[in-house]
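Asker: Below is entry.tsv; it holds TSV, C-alpha atoms.
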chain	number	residue	atom	x	y	z
A	1	MET	CA	20.24	75.47	160.27
A	2	ASN	CA	21.80	76.89	157.13
A	3	ALA	CA	23.38	74.11	155.07
A	4	SER	CA	25.94	76.53	153.65
A	5	GLN	CA	27.48	77.42	157.02
A	6	LEU	CA	30.22	74.88	157.68
A	7	GLU	CA	32.74	75.82	160.34
A	8	THR	CA	36.02	73.95	160.81
A	9	LEU	CA	36.74	73.41	164.49
A	10	HIS	CA	40.00	71.54	163.85
A	11	ALA	CA	41.68	70.35	160.67
A	12	GLY	CA	43.73	67.22	161.31
A	13	ARG	CA	45.86	65.44	158.74
A	14	TYR	CA	43.24	62.83	157.78
A	15	LEU	CA	40.07	64.04	159.50
A	16	SER	CA	38.51	67.37	160.42
A	17	LEU	CA	36.07	68.14	163.19
A	18	VAL	CA	33.47	70.51	161.72
A	19	ARG	CA	30.18	72.13	162.79
A	20	ARG	CA	27.01	72.93	160.85
A	21	GLY	CA	24.69	74.98	163.03
A	22	HIS	CA	24.89	73.23	166.42
A	23	TRP	CA	25.77	69.87	164.86
A	24	GLU	CA	29.36	68.64	165.15
A	25	PHE	CA	30.69	65.88	162.92
A	26	ALA	CA	33.85	64.37	161.46
A	27	THR	CA	34.78	64.60	157.79
A	28	ARG	CA	37.62	62.92	155.89
A	29	HIS	CA	40.32	64.65	153.87
A	30	GLY	CA	42.04	63.43	150.76
A	31	ALA	CA	39.59	60.76	149.64
A	32	THR	CA	36.60	60.75	147.31
A	33	GLY	CA	34.73	57.76	148.70
A	34	VAL	CA	34.76	54.58	150.77
A	35	VAL	CA	34.21	51.13	149.29
A	36	GLY	CA	33.02	48.03	151.18
A	37	LEU	CA	33.64	44.77	149.33
A	38	ILE	CA	31.23	41.84	149.45
A	39	ALA	CA	33.54	39.27	147.88
A	40	VAL	CA	32.41	35.68	147.35
A	41	THR	CA	34.66	32.96	145.94
A	42	ASN	CA	33.58	30.29	143.48
A	43	GLU	CA	33.52	27.91	146.47
A	44	ALA	CA	30.81	30.07	148.15
A	45	LYS	CA	33.19	31.47	150.74
A	46	MET	CA	33.05	35.09	151.83
A	47	LEU	CA	36.29	37.02	152.24
A	48	LEU	CA	36.75	38.89	155.51
A	49	VAL	CA	39.72	40.81	156.83
A	50	GLU	CA	40.98	41.03	160.38
A	51	GLN	CA	43.09	43.93	161.59
A	52	LEU	CA	43.94	45.90	164.71
A	53	ARG	CA	41.96	49.14	164.65
A	54	PRO	CA	43.55	51.94	166.72
A	55	PRO	CA	40.24	53.73	167.52
A	56	LEU	CA	38.90	50.56	169.19
A	57	GLY	CA	42.22	49.19	170.41
A	58	LYS	CA	41.23	45.68	169.39
A	59	ARG	CA	41.10	43.32	166.43
A	60	VAL	CA	38.12	43.85	164.16
A	61	LEU	CA	36.59	41.47	161.59
A	62	GLU	CA	35.37	43.48	158.62
A	63	LEU	CA	34.54	43.45	154.95
A	64	PRO	CA	37.59	44.21	152.83
A	65	ALA	CA	37.34	47.99	152.39
A	66	GLY	CA	39.21	51.15	151.63
A	67	LEU	CA	39.25	54.67	150.29
A	68	SER	CA	39.07	55.87	146.70
A	69	GLY	CA	41.21	58.73	145.43
A	70	ASP	CA	43.52	58.71	148.46
A	71	ILE	CA	46.74	58.03	146.52
A	72	PRO	CA	48.66	61.14	145.35
A	73	GLY	CA	48.31	61.43	141.59
A	74	GLU	CA	45.27	59.09	141.59
A	75	GLU	CA	42.69	61.55	142.91
A	76	ALA	CA	40.32	60.78	139.99
A	77	GLU	CA	40.28	57.03	140.76
A	78	SER	CA	36.76	55.64	140.31
A	79	LEU	CA	34.96	53.70	143.02
A	80	VAL	CA	35.09	50.55	140.86
A	81	ARG	CA	38.85	50.89	140.38
A	82	ALA	CA	39.34	51.47	144.09
A	83	ALA	CA	37.24	48.38	144.79
A	84	ARG	CA	39.48	46.26	142.54
A	85	ARG	CA	42.69	47.73	143.99
A	86	GLU	CA	41.61	47.28	147.60
A	87	LEU	CA	40.43	43.71	147.07
A	88	LEU	CA	43.78	42.79	145.55
A	89	GLU	CA	45.83	44.65	148.19
A	90	GLU	CA	43.93	43.25	151.13
A	91	THR	CA	43.01	39.73	150.03
A	92	GLY	CA	45.15	38.92	146.96
A	93	TYR	CA	42.07	38.27	144.80
A	94	GLU	CA	41.03	39.76	141.46
A	95	ALA	CA	37.35	39.87	140.50
A	96	GLN	CA	35.80	39.24	137.10
A	97	GLU	CA	32.49	40.90	138.06
A	98	VAL	CA	32.19	44.08	140.12
A	99	ARG	CA	28.72	45.38	140.81
A	100	LEU	CA	27.52	48.34	142.89
A	101	LEU	CA	24.79	47.09	145.23
A	102	THR	CA	23.93	50.07	147.42
A	103	GLU	CA	25.47	52.98	149.27
A	104	GLY	CA	24.71	54.80	152.49
A	105	PRO	CA	26.03	56.68	155.49
A	106	SER	CA	28.41	55.03	157.99
A	107	SER	CA	26.99	56.87	160.98
A	108	ALA	CA	24.68	59.68	159.88
A	109	GLY	CA	24.84	61.60	163.17
A	110	LEU	CA	28.61	61.56	163.49
A	111	THR	CA	30.13	61.87	160.01
A	112	ASP	CA	29.34	62.68	156.39
A	113	GLU	CA	31.15	59.48	155.35
A	114	MET	CA	29.24	57.43	152.78
A	115	ILE	CA	30.15	53.83	151.95
A	116	SER	CA	29.52	52.14	148.59
A	117	PHE	CA	29.00	48.37	148.70
A	118	PHE	CA	30.26	46.29	145.79
A	119	LEU	CA	29.55	42.65	145.07
A	120	MET	CA	32.72	41.04	143.71
A	121	THR	CA	32.55	37.61	142.13
A	122	GLY	CA	34.45	35.50	139.62
A	123	LEU	CA	37.46	35.63	141.95
A	124	THR	CA	40.99	34.46	141.14
A	125	LYS	CA	43.85	34.54	143.60
A	126	THR	CA	46.77	36.39	142.01
A	127	GLY	CA	48.54	38.07	144.93
A	128	ALA	CA	49.52	37.62	148.53
A	129	GLY	CA	47.07	40.06	150.13
A	130	GLY	CA	47.71	41.39	153.62
A	131	GLY	CA	47.36	45.10	152.85
A	132	ASP	CA	49.84	47.84	152.01
A	133	ALA	CA	53.03	48.68	153.91
A	134	SER	CA	51.11	50.37	156.74
A	135	GLU	CA	48.61	47.53	157.25
A	136	ASN	CA	48.80	44.12	158.88
A	137	ILE	CA	45.78	42.25	157.63
A	138	ILE	CA	44.75	38.63	158.13
A	139	VAL	CA	42.39	37.24	155.48
A	140	HIS	CA	39.62	34.79	156.40
A	141	GLU	CA	37.72	32.72	153.85
A	142	VAL	CA	34.54	31.57	155.55
A	143	PRO	CA	31.84	29.33	154.00
A	144	LEU	CA	28.66	31.36	153.68
A	145	THR	CA	26.62	28.68	155.41
A	146	ALA	CA	28.90	28.84	158.46
A	147	MET	CA	29.04	32.64	158.70
A	148	PRO	CA	26.40	33.54	161.31
A	149	ARG	CA	27.73	31.03	163.83
A	150	TRP	CA	31.38	31.80	163.01
A	151	LEU	CA	30.77	35.51	163.63
A	152	GLU	CA	28.99	34.86	166.93
A	153	GLU	CA	31.81	32.61	168.11
A	154	HIS	CA	34.39	35.27	167.30
A	155	ARG	CA	32.33	38.02	168.92
A	156	HIS	CA	32.03	36.02	172.15
A	157	ALA	CA	35.80	35.33	172.00
A	158	GLY	CA	36.56	39.08	171.98
A	159	TRP	CA	36.78	40.16	168.35
A	160	ALA	CA	34.78	43.20	167.27
A	161	ILE	CA	32.43	42.31	164.38
A	162	ASP	CA	31.73	45.09	161.90
A	163	PRO	CA	27.95	45.10	161.33
A	164	LYS	CA	28.58	45.78	157.62
A	165	ILE	CA	29.39	42.08	157.31
A	166	TYR	CA	25.66	41.43	157.90
A	167	VAL	CA	24.85	43.97	155.18
A	168	GLY	CA	26.94	41.79	152.89
A	169	LEU	CA	25.20	38.60	153.97
A	170	PHE	CA	21.77	40.14	153.38
A	171	TRP	CA	22.71	41.26	149.86
A	172	ILE	CA	24.25	37.92	148.97
A	173	GLU	CA	21.00	36.22	149.92
A	174	HIS	CA	18.85	38.77	148.07
A	175	ASN	CA	21.06	39.24	145.08
A	176	SER	CA	19.14	39.73	141.85
A	177	ARG	CA	19.58	41.80	138.73
A	178	SER	CA	16.61	43.96	139.67
A	179	MET	CA	18.39	45.28	142.76
A	180	GLY	CA	21.44	47.48	142.22
A	181	ASP	CA	23.42	48.62	139.22
A	182	ASN	CA	25.59	46.45	137.04
A	183	ASP	CA	29.19	47.37	136.29
A	184	ARG	CA	31.87	45.28	134.63
A	185	THR	CA	34.39	48.04	133.90
B	1	MET	CA	51.52	52.43	168.58
B	2	ASN	CA	51.05	52.68	172.32
B	3	ALA	CA	47.41	52.17	173.21
B	4	SER	CA	47.74	54.39	176.28
B	5	GLN	CA	48.77	57.52	174.35
B	6	LEU	CA	45.59	59.33	173.41
B	7	GLU	CA	45.99	62.97	172.42
B	8	THR	CA	43.03	65.35	172.13
B	9	LEU	CA	43.35	67.52	169.04
B	10	HIS	CA	40.09	69.37	169.68
B	11	ALA	CA	37.34	68.90	172.26
B	12	GLY	CA	33.97	69.96	170.87
B	13	ARG	CA	30.73	69.99	172.81
B	14	TYR	CA	29.49	66.58	171.58
B	15	LEU	CA	32.52	65.14	169.76
B	16	SER	CA	36.28	65.26	170.09
B	17	LEU	CA	38.91	64.77	167.44
B	18	VAL	CA	41.66	62.64	168.99
B	19	ARG	CA	44.85	60.88	167.87
B	20	ARG	CA	46.42	57.58	168.90
B	21	GLY	CA	49.88	57.30	167.36
B	22	HIS	CA	49.36	58.54	163.81
B	23	TRP	CA	45.68	57.55	163.77
B	24	GLU	CA	43.06	60.30	164.03
B	25	PHE	CA	39.48	59.51	164.98
B	26	ALA	CA	36.30	60.99	166.42
B	27	THR	CA	34.95	60.11	169.86
B	28	ARG	CA	31.64	61.06	171.50
B	29	HIS	CA	31.19	62.85	174.80
B	30	GLY	CA	28.43	62.46	177.31
B	31	ALA	CA	27.04	59.12	176.24
B	32	THR	CA	27.75	55.53	177.28
B	33	GLY	CA	26.57	53.74	174.13
B	34	VAL	CA	24.53	53.79	170.95
B	35	VAL	CA	21.48	51.60	170.38
B	36	GLY	CA	20.02	50.58	167.00
B	37	LEU	CA	16.48	49.25	167.18
B	38	ILE	CA	15.22	46.43	164.98
B	39	ALA	CA	11.52	46.83	165.75
B	40	VAL	CA	8.92	44.57	164.16
B	41	THR	CA	5.17	44.96	164.72
B	42	ASN	CA	2.72	42.10	165.17
B	43	GLU	CA	1.69	42.76	161.55
B	44	ALA	CA	5.25	41.95	160.35
B	45	LYS	CA	6.07	45.56	159.60
B	46	MET	CA	9.48	47.04	160.37
B	47	LEU	CA	9.68	50.50	161.92
B	48	LEU	CA	11.99	52.98	160.22
B	49	VAL	CA	12.59	56.64	160.93
B	50	GLU	CA	13.26	59.42	158.48
B	51	GLN	CA	15.03	62.62	159.48
B	52	LEU	CA	17.19	65.38	158.07
B	53	ARG	CA	20.80	64.70	159.04
B	54	PRO	CA	23.00	67.82	159.13
B	55	PRO	CA	26.27	65.98	158.31
B	56	LEU	CA	24.77	64.73	155.05
B	57	GLY	CA	22.43	67.65	154.38
B	58	LYS	CA	19.70	65.27	153.28
B	59	ARG	CA	16.92	63.08	154.59
B	60	VAL	CA	18.07	59.68	155.83
B	61	LEU	CA	16.04	56.50	156.35
B	62	GLU	CA	17.39	54.66	159.39
B	63	LEU	CA	16.66	52.24	162.17
B	64	PRO	CA	15.22	54.00	165.20
B	65	ALA	CA	18.35	54.71	167.27
B	66	GLY	CA	19.84	56.84	169.96
B	67	LEU	CA	22.34	57.31	172.74
B	68	SER	CA	22.35	55.83	176.22
B	69	GLY	CA	23.34	57.85	179.26
B	70	ASP	CA	23.15	61.19	177.44
B	71	ILE	CA	20.50	62.75	179.70
B	72	PRO	CA	21.82	64.71	182.72
B	73	GLY	CA	21.08	62.73	185.88
B	74	GLU	CA	20.59	59.52	183.85
B	75	GLU	CA	24.23	58.73	183.14
B	76	ALA	CA	23.81	55.17	184.47
B	77	GLU	CA	20.95	54.38	182.07
B	78	SER	CA	21.32	50.83	180.73
B	79	LEU	CA	21.36	50.04	177.02
B	80	VAL	CA	18.05	48.17	177.36
B	81	ARG	CA	16.43	51.16	179.07
B	82	ALA	CA	17.79	53.50	176.40
B	83	ALA	CA	16.42	51.15	173.72
B	84	ARG	CA	12.93	51.32	175.26
B	85	ARG	CA	13.08	55.11	175.73
B	86	GLU	CA	14.29	55.79	172.20
B	87	LEU	CA	11.73	53.49	170.60
B	88	LEU	CA	8.92	55.28	172.44
B	89	GLU	CA	10.30	58.77	171.74
B	90	GLU	CA	10.92	58.18	168.06
B	91	THR	CA	8.10	55.83	167.05
B	92	GLY	CA	5.51	55.91	169.84
B	93	TYR	CA	5.76	52.14	170.40
B	94	GLU	CA	6.47	50.16	173.56
B	95	ALA	CA	8.00	46.69	173.29
B	96	GLN	CA	7.18	43.62	175.33
B	97	GLU	CA	10.40	41.81	174.33
B	98	VAL	CA	13.80	43.47	174.04
B	99	ARG	CA	16.73	41.31	173.03
B	100	LEU	CA	20.37	42.19	172.35
B	101	LEU	CA	21.34	40.66	169.00
B	102	THR	CA	24.87	41.88	168.33
B	103	GLU	CA	27.11	44.89	168.63
B	104	GLY	CA	29.94	46.33	166.61
B	105	PRO	CA	31.79	49.41	165.39
B	106	SER	CA	30.05	52.07	163.25
B	107	SER	CA	33.16	52.84	161.22
B	108	ALA	CA	36.24	51.25	162.77
B	109	GLY	CA	38.75	53.51	160.98
B	110	LEU	CA	37.04	56.78	161.85
B	111	THR	CA	35.54	56.48	165.32
B	112	ASP	CA	35.48	54.36	168.48
B	113	GLU	CA	31.66	54.42	168.37
B	114	MET	CA	30.07	51.01	168.97
B	115	ILE	CA	26.42	50.30	168.23
B	116	SER	CA	24.30	47.69	170.02
B	117	PHE	CA	21.46	46.18	168.00
B	118	PHE	CA	18.26	45.23	169.82
B	119	LEU	CA	15.36	43.20	168.48
B	120	MET	CA	12.12	44.72	169.80
B	121	THR	CA	8.87	42.79	169.43
B	122	GLY	CA	5.46	42.55	171.07
B	123	LEU	CA	4.87	46.20	170.13
B	124	THR	CA	1.99	48.39	171.31
B	125	LYS	CA	1.46	51.96	170.17
B	126	THR	CA	1.15	54.17	173.25
B	127	GLY	CA	2.59	57.52	172.14
B	128	ALA	CA	2.85	59.91	169.24
B	129	GLY	CA	6.50	59.34	168.32
B	130	GLY	CA	8.36	61.92	166.26
B	131	GLY	CA	11.36	62.38	168.54
B	132	ASP	CA	12.21	64.85	171.30
B	133	ALA	CA	12.00	68.64	171.08
B	134	SER	CA	15.13	68.90	168.95
B	135	GLU	CA	14.12	66.21	166.45
B	136	ASN	CA	11.68	66.14	163.53
B	137	ILE	CA	11.17	62.46	162.77
B	138	ILE	CA	8.80	60.78	160.35
B	139	VAL	CA	7.96	57.14	161.17
B	140	HIS	CA	7.51	54.55	158.42
B	141	GLU	CA	5.91	51.15	158.99
B	142	VAL	CA	6.97	48.97	156.07
B	143	PRO	CA	5.91	45.35	155.48
B	144	LEU	CA	9.00	43.16	155.74
B	145	THR	CA	8.25	41.48	152.43
B	146	ALA	CA	8.23	44.86	150.67
B	147	MET	CA	11.39	46.21	152.31
B	148	PRO	CA	14.16	45.54	149.77
B	149	ARG	CA	12.22	47.07	146.90
B	150	TRP	CA	10.89	49.95	149.03
B	151	LEU	CA	14.44	50.84	150.09
B	152	GLU	CA	15.73	50.74	146.52
B	153	GLU	CA	12.89	52.97	145.33
B	154	HIS	CA	13.64	55.52	148.04
B	155	ARG	CA	17.38	55.41	147.36
B	156	HIS	CA	16.83	56.07	143.67
B	157	ALA	CA	14.46	58.92	144.59
B	158	GLY	CA	17.19	60.67	146.60
B	159	TRP	CA	16.90	59.45	150.19
B	160	ALA	CA	20.03	58.19	151.92
B	161	ILE	CA	19.55	54.62	153.18
B	162	ASP	CA	21.43	53.70	156.34
B	163	PRO	CA	23.04	50.29	155.68
B	164	LYS	CA	22.20	49.26	159.25
B	165	ILE	CA	18.65	48.68	158.02
B	166	TYR	CA	20.05	45.68	156.10
B	167	VAL	CA	21.70	44.47	159.31
B	168	GLY	CA	18.22	44.48	160.81
B	169	LEU	CA	16.71	42.59	157.88
B	170	PHE	CA	19.43	39.94	158.06
B	171	TRP	CA	18.86	39.38	161.78
B	172	ILE	CA	15.09	39.24	161.43
B	173	GLU	CA	15.49	36.48	158.84
B	174	HIS	CA	18.07	34.60	160.93
B	175	ASN	CA	16.53	35.15	164.30
B	176	SER	CA	16.90	32.19	166.61
B	177	ARG	CA	17.49	31.71	170.32
B	178	SER	CA	20.96	30.33	169.64
B	179	MET	CA	22.13	33.67	168.25
B	180	GLY	CA	22.35	36.60	170.65
B	181	ASP	CA	21.49	37.17	174.27
B	182	ASN	CA	18.03	37.29	175.73
B	183	ASP	CA	16.88	40.18	177.88
B	184	ARG	CA	13.38	40.96	179.07
B	185	THR	CA	14.26	43.53	181.72
Can you dump the structure from the file as structure tokens?

Answerer:
Amino acid sequence: MNASQLETLHAGRYLSLVRRGHWEFATRHGATGVVGLIAVTNEAKMLLVEQLRPPLGKRVLELPAGLSGDIPGEEAESLVRAARRELLEETGYEAQEVRLLTEGPSSAGLTDEMISFFLMTGLTKTGAGGGDASENIIVHEVPLTAMPRWLEEHRHAGWAIDPKIYVGLFWIEHNSRSMGDNDRT
Amino acid sequence: MNASQLETLHAGRYLSLVRRGHWEFATRHGATGVVGLIAVTNEAKMLLVEQLRPPLGKRVLELPAGLSGDIPGEEAESLVRAARRELLEETGYEAQEVRLLTEGPSSAGLTDEMISFFLMTGLTKTGAGGGDASENIIVHEVPLTAMPRWLEEHRHAGWAIDPKIYVGLFWIEHNSRSMGDNDRT
């Protein structure tokens, strides 16, 4: 395998199918990163979003999330700014503290997509939420103590549960200044 | 969006790029599922695998994982059987107890891939591990109590850390019979 040999099998509008050696994978266009938002209110509730996801054809419960640098003219948008914008768009909340916790691959065999997880606290509701014009998002505010059971109940009732919610729950429980990088910009 | 209209933009050997309405996503061929293995030894160590991932061009620390039904003649392989096979192939361990914890989408905007998480305990080392002929896998056995710091140290040293490891840590801490489905087959 030569890391420099990247062959485009098909360039779509948002995604390309590419090949490196014998390995095929998907890569995004027109975005610089993906942010996943671990947002906790002052009442110890976690914010989740529910939306219909075309690839799965069903409603999915997820962390608020989105792309950075995907708006024309805003290609240099930082991850932190994208995190703030997406939280407001999707949930209607603004965060006083935004902190990068960790980052890693979505599905290392299938895509080069990396997701950056931000802890967002000091929340104030200033907007309606619900996503942009192309989205139809329902916001859930779930007490942290009720989360594991709430997720199981929804999974058994037919919702898809994004495993990244459990990443969020782990980091909330293990949150300390020694883990992760601080950022209040 | 009509859920029945699925257009293939390009069919690769392992992946296709497809479109439903305006939404492009990647879908796998020749497999019936993906298993992620949360494997804990009797000494309270978690098994992780390290391998070079062509999409990322770097070494990734991950849960042991793999596809079900991807071997010719074994298309009907169950998820539980795939979980046992992959654990043995990648780590050299056999598990007495195999239990489905949860399942969910890898990246709900980008692919229809779903991953099923299994807790594997009662482990006995019976093989060499290291993966099949096409893989070059290093196995790590990390004490659970050391995991968060160990992962942070490796991330800062340049490894990619699959966030699904944190899914595993959450479920290990919250493991109870009331959450998830039991399976000893």

Asker: Here is a test: counting only C-alpha atoms, which residue of A:Thr91, A:Gln96, A:Thr111, A:Ser68 is nearest to Thr27 in chain A?

Answerer: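 Closest to Thr27 in chain A of all the choices is A:Thr111.
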
Asker: Each residue of chain A lying at most 7 Å from chain B should get a row with its shortest atom-to-atom pair and the distance in Å to one decimal, counting only C-alpha atoms; could you produce that, ordered by chain and increasing number, as CSV?

Answerer:
residue,atom,partner,partner_atom,distance
A:Ala3,CA,B:Gly57,CA,6.6
A:His10,CA,B:His10,CA,6.2
A:Tyr14,CA,B:Glu24,CA,6.7
A:Leu15,CA,B:Glu24,CA,6.6
A:Leu17,CA,B:Leu17,CA,6.1
A:Arg20,CA,B:Pro54,CA,6.7
A:Trp23,CA,B:Pro54,CA,6.7
A:Glu24,CA,B:Leu15,CA,6.6
A:Phe25,CA,B:Pro55,CA,6.4
A:Ala26,CA,B:Ala26,CA,6.5
A:Arg53,CA,B:Ala108,CA,6.4
A:Pro54,CA,B:Trp23,CA,6.7
A:Pro55,CA,B:Asp112,CA,4.9
A:Leu56,CA,B:Asp112,CA,5.2
A:Gly57,CA,B:Ala3,CA,6.6
A:Gly104,CA,B:Asp162,CA,5.2
A:Pro105,CA,B:Asp162,CA,5.5
A:Ser106,CA,B:Ser107,CA,6.1
A:Ser107,CA,B:Ser106,CA,6.1
A:Ala108,CA,B:Arg53,CA,6.4
A:Gly109,CA,B:Arg53,CA,6.6
A:Thr111,CA,B:Pro55,CA,5.9
A:Asp112,CA,B:Pro55,CA,4.9
A:Ala160,CA,B:Gly104,CA,5.8
A:Ile161,CA,B:Gly104,CA,5.2
A:Asp162,CA,B:Gly104,CA,5.2
A:Pro163,CA,B:Gly104,CA,5.8
A:Tyr166,CA,B:Val167,CA,5.2
A:Val167,CA,B:Tyr166,CA,5.2
A:Phe170,CA,B:Phe170,CA,5.2

Asker: Now that the selection is made, can you save its residues with C-alpha atoms as a PDB file, keeping the file's coordinate frame?

Answerer:
ATOM      1  CA  ALA A   3      23.380  74.110 155.070  1.00  0.00           C
ATOM      2  CA  HIS A  10      40.000  71.540 163.850  1.00  0.00           C
ATOM      3  CA  TYR A  14      43.240  62.830 157.780  1.00  0.00           C
ATOM      4  CA  LEU A  15      40.070  64.040 159.500  1.00  0.00           C
ATOM      5  CA  LEU A  17      36.070  68.140 163.190  1.00  0.00           C
ATOM      6  CA  ARG A  20      27.010  72.930 160.850  1.00  0.00           C
ATOM      7  CA  TRP A  23      25.770  69.870 164.860  1.00  0.00           C
ATOM      8  CA  GLU A  24      29.360  68.640 165.150  1.00  0.00           C
ATOM      9  CA  PHE A  25      30.690  65.880 162.920  1.00  0.00           C
ATOM     10  CA  ALA A  26      33.850  64.370 161.460  1.00  0.00           C
ATOM     11  CA  ARG A  53      41.960  49.140 164.650  1.00  0.00           C
ATOM     12  CA  PRO A  54      43.550  51.940 166.720  1.00  0.00           C
ATOM     13  CA  PRO A  55      40.240  53.730 167.520  1.00  0.00           C
ATOM     14  CA  LEU A  56      38.900  50.560 169.190  1.00  0.00           C
ATOM     15  CA  GLY A  57      42.220  49.190 170.410  1.00  0.00           C
ATOM     16  CA  GLY A 104      24.710  54.800 152.490  1.00  0.00           C
ATOM     17  CA  PRO A 105      26.030  56.680 155.490  1.00  0.00           C
ATOM     18  CA  SER A 106      28.410  55.030 157.990  1.00  0.00           C
ATOM     19  CA  SER A 107      26.990  56.870 160.980  1.00  0.00           C
ATOM     20  CA  ALA A 108      24.680  59.680 159.880  1.00  0.00           C
ATOM     21  CA  GLY A 109      24.840  61.600 163.170  1.00  0.00           C
ATOM     22  CA  THR A 111      30.130  61.870 160.010  1.00  0.00           C
ATOM     23  CA  ASP A 112      29.340  62.680 156.390  1.00  0.00           C
ATOM     24  CA  ALA A 160      34.780  43.200 167.270  1.00  0.00           C
ATOM     25  CA  ILE A 161      32.430  42.310 164.380  1.00  0.00           C
ATOM     26  CA  ASP A 162      31.730  45.090 161.900  1.00  0.00           C
ATOM     27  CA  PRO A 163      27.950  45.100 161.330  1.00  0.00           C
ATOM     28  CA  TYR A 166      25.660  41.430 157.900  1.00  0.00           C
ATOM     29  CA  VAL A 167      24.850  43.970 155.180  1.00  0.00           C
ATOM     30  CA  PHE A 170      21.770  40.140 153.380  1.00  0.00           C
TER      31      PHE A 170
END

Asker: What does the structure give for the distance between CA of Thr126 in chain B and CA of Tyr93 in chain B, in Å to one decimal?

Answerer: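 Between CA of Thr126 in chain B and CA of Tyr93 in chain B the gap works out to 5.8 Å.
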
Asker: Taking only C-alpha atoms into account, name the residue in A:Leu100, A:Leu63, A:Ala82, A:Val34 that is nearest to Leu119 in chain A.

Answerer: A:Leu100

Asker: So which residues fall inside 10 Å of (9.7, 61.7, 164.3) if we count all atoms listed in the file? Mind giving them as a compact mmCIF listing (two decimals) with C-alpha atoms, in the coordinates of the input?

Answerer:
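Output file result19.txt follows:
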# COMPACT_ATOMS: atom_id res chain seq x y z
CA LEU B 48 11.99 52.98 160.22
CA VAL B 49 12.59 56.64 160.93
CA GLU B 50 13.26 59.42 158.48
CA GLN B 51 15.03 62.62 159.48
CA PRO B 64 15.22 54.00 165.20
CA GLU B 89 10.30 58.77 171.74
CA GLU B 90 10.92 58.18 168.06
CA THR B 91 8.10 55.83 167.05
CA GLY B 92 5.51 55.91 169.84
CA ALA B 128 2.85 59.91 169.24
CA GLY B 129 6.50 59.34 168.32
CA GLY B 130 8.36 61.92 166.26
CA GLY B 131 11.36 62.38 168.54
CA ASP B 132 12.21 64.85 171.30
CA ALA B 133 12.00 68.64 171.08
CA GLU B 135 14.12 66.21 166.45
CA ASN B 136 11.68 66.14 163.53
CA ILE B 137 11.17 62.46 162.77
CA ILE B 138 8.80 60.78 160.35
CA VAL B 139 7.96 57.14 161.17
CA HIS B 140 7.51 54.55 158.42

Asker: How big is the axis-aligned box, and where does its centre sit, when it encloses all atoms of range 89-108 of chain A listed in the file and has 4 Å added on every side, reported in Å to one decimal as JSON?

Answerer:
{"center_x": 34.9, "center_y": 49.0, "center_z": 149.0, "size_x": 29.9, "size_y": 29.4, "size_z": 31.9}

Asker: Pick the closest to Gly73 in chain B from B:Gly30, B:Asn42, B:Arg85, B:Leu37: which is it, counting all atoms listed in the file?

Answerer: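 Of B:Gly30, B:Asn42, B:Arg85, B:Leu37, the one nearest Gly73 in chain B, counting all atoms listed in the file, is B:Gly30.
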
Asker: Go through A:Asn175, A:His29, A:Glu75, A:Trp150 and flag the residue nearest Arg99 in chain A, using only C-alpha atoms for the distances.

Answerer: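 Nearest candidate to Arg99 in chain A out of A:Asn175, A:His29, A:Glu75, A:Trp150: A:Asn175.
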
Asker: May I ask which of the residues A:Thr124, A:Thr8, A:Ile172, A:Ala31 is the closest one to Pro72 in chain A, counting only C-alpha atoms?

Answerer: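 Of A:Thr124, A:Thr8, A:Ile172, A:Ala31, the one nearest Pro72 in chain A is A:Ala31, counting only C-alpha atoms.
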
Asker: Quote the spacing between CA of Ala39 in chain B and CA of Pro143 in chain B in Å to one decimal place.

Answerer: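 CA of Pro143 in chain B lies at a distance of 11.8 Å from CA of Ala39 in chain B.
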
Asker: Find the distance between CA of Leu47 in chain A and CA of Lys125 in chain A and write it in Å to one decimal.

Answerer: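 It comes out at 11.7 Å.
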
Asker: Env of Glu43 in chain A: 12 Å cut, atoms = all atoms listed in the file, seq-sep filter 2 positions within chain, self excluded. Answer as a list in words.

Answerer: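 Close residues of Glu43 in chain A: Ala39, Val40, Thr41, Lys45, Met46, Leu47, Thr121, Gly122, Leu123, Thr124, Glu141, Val142, Pro143, Leu144 and Thr145 of chain A.
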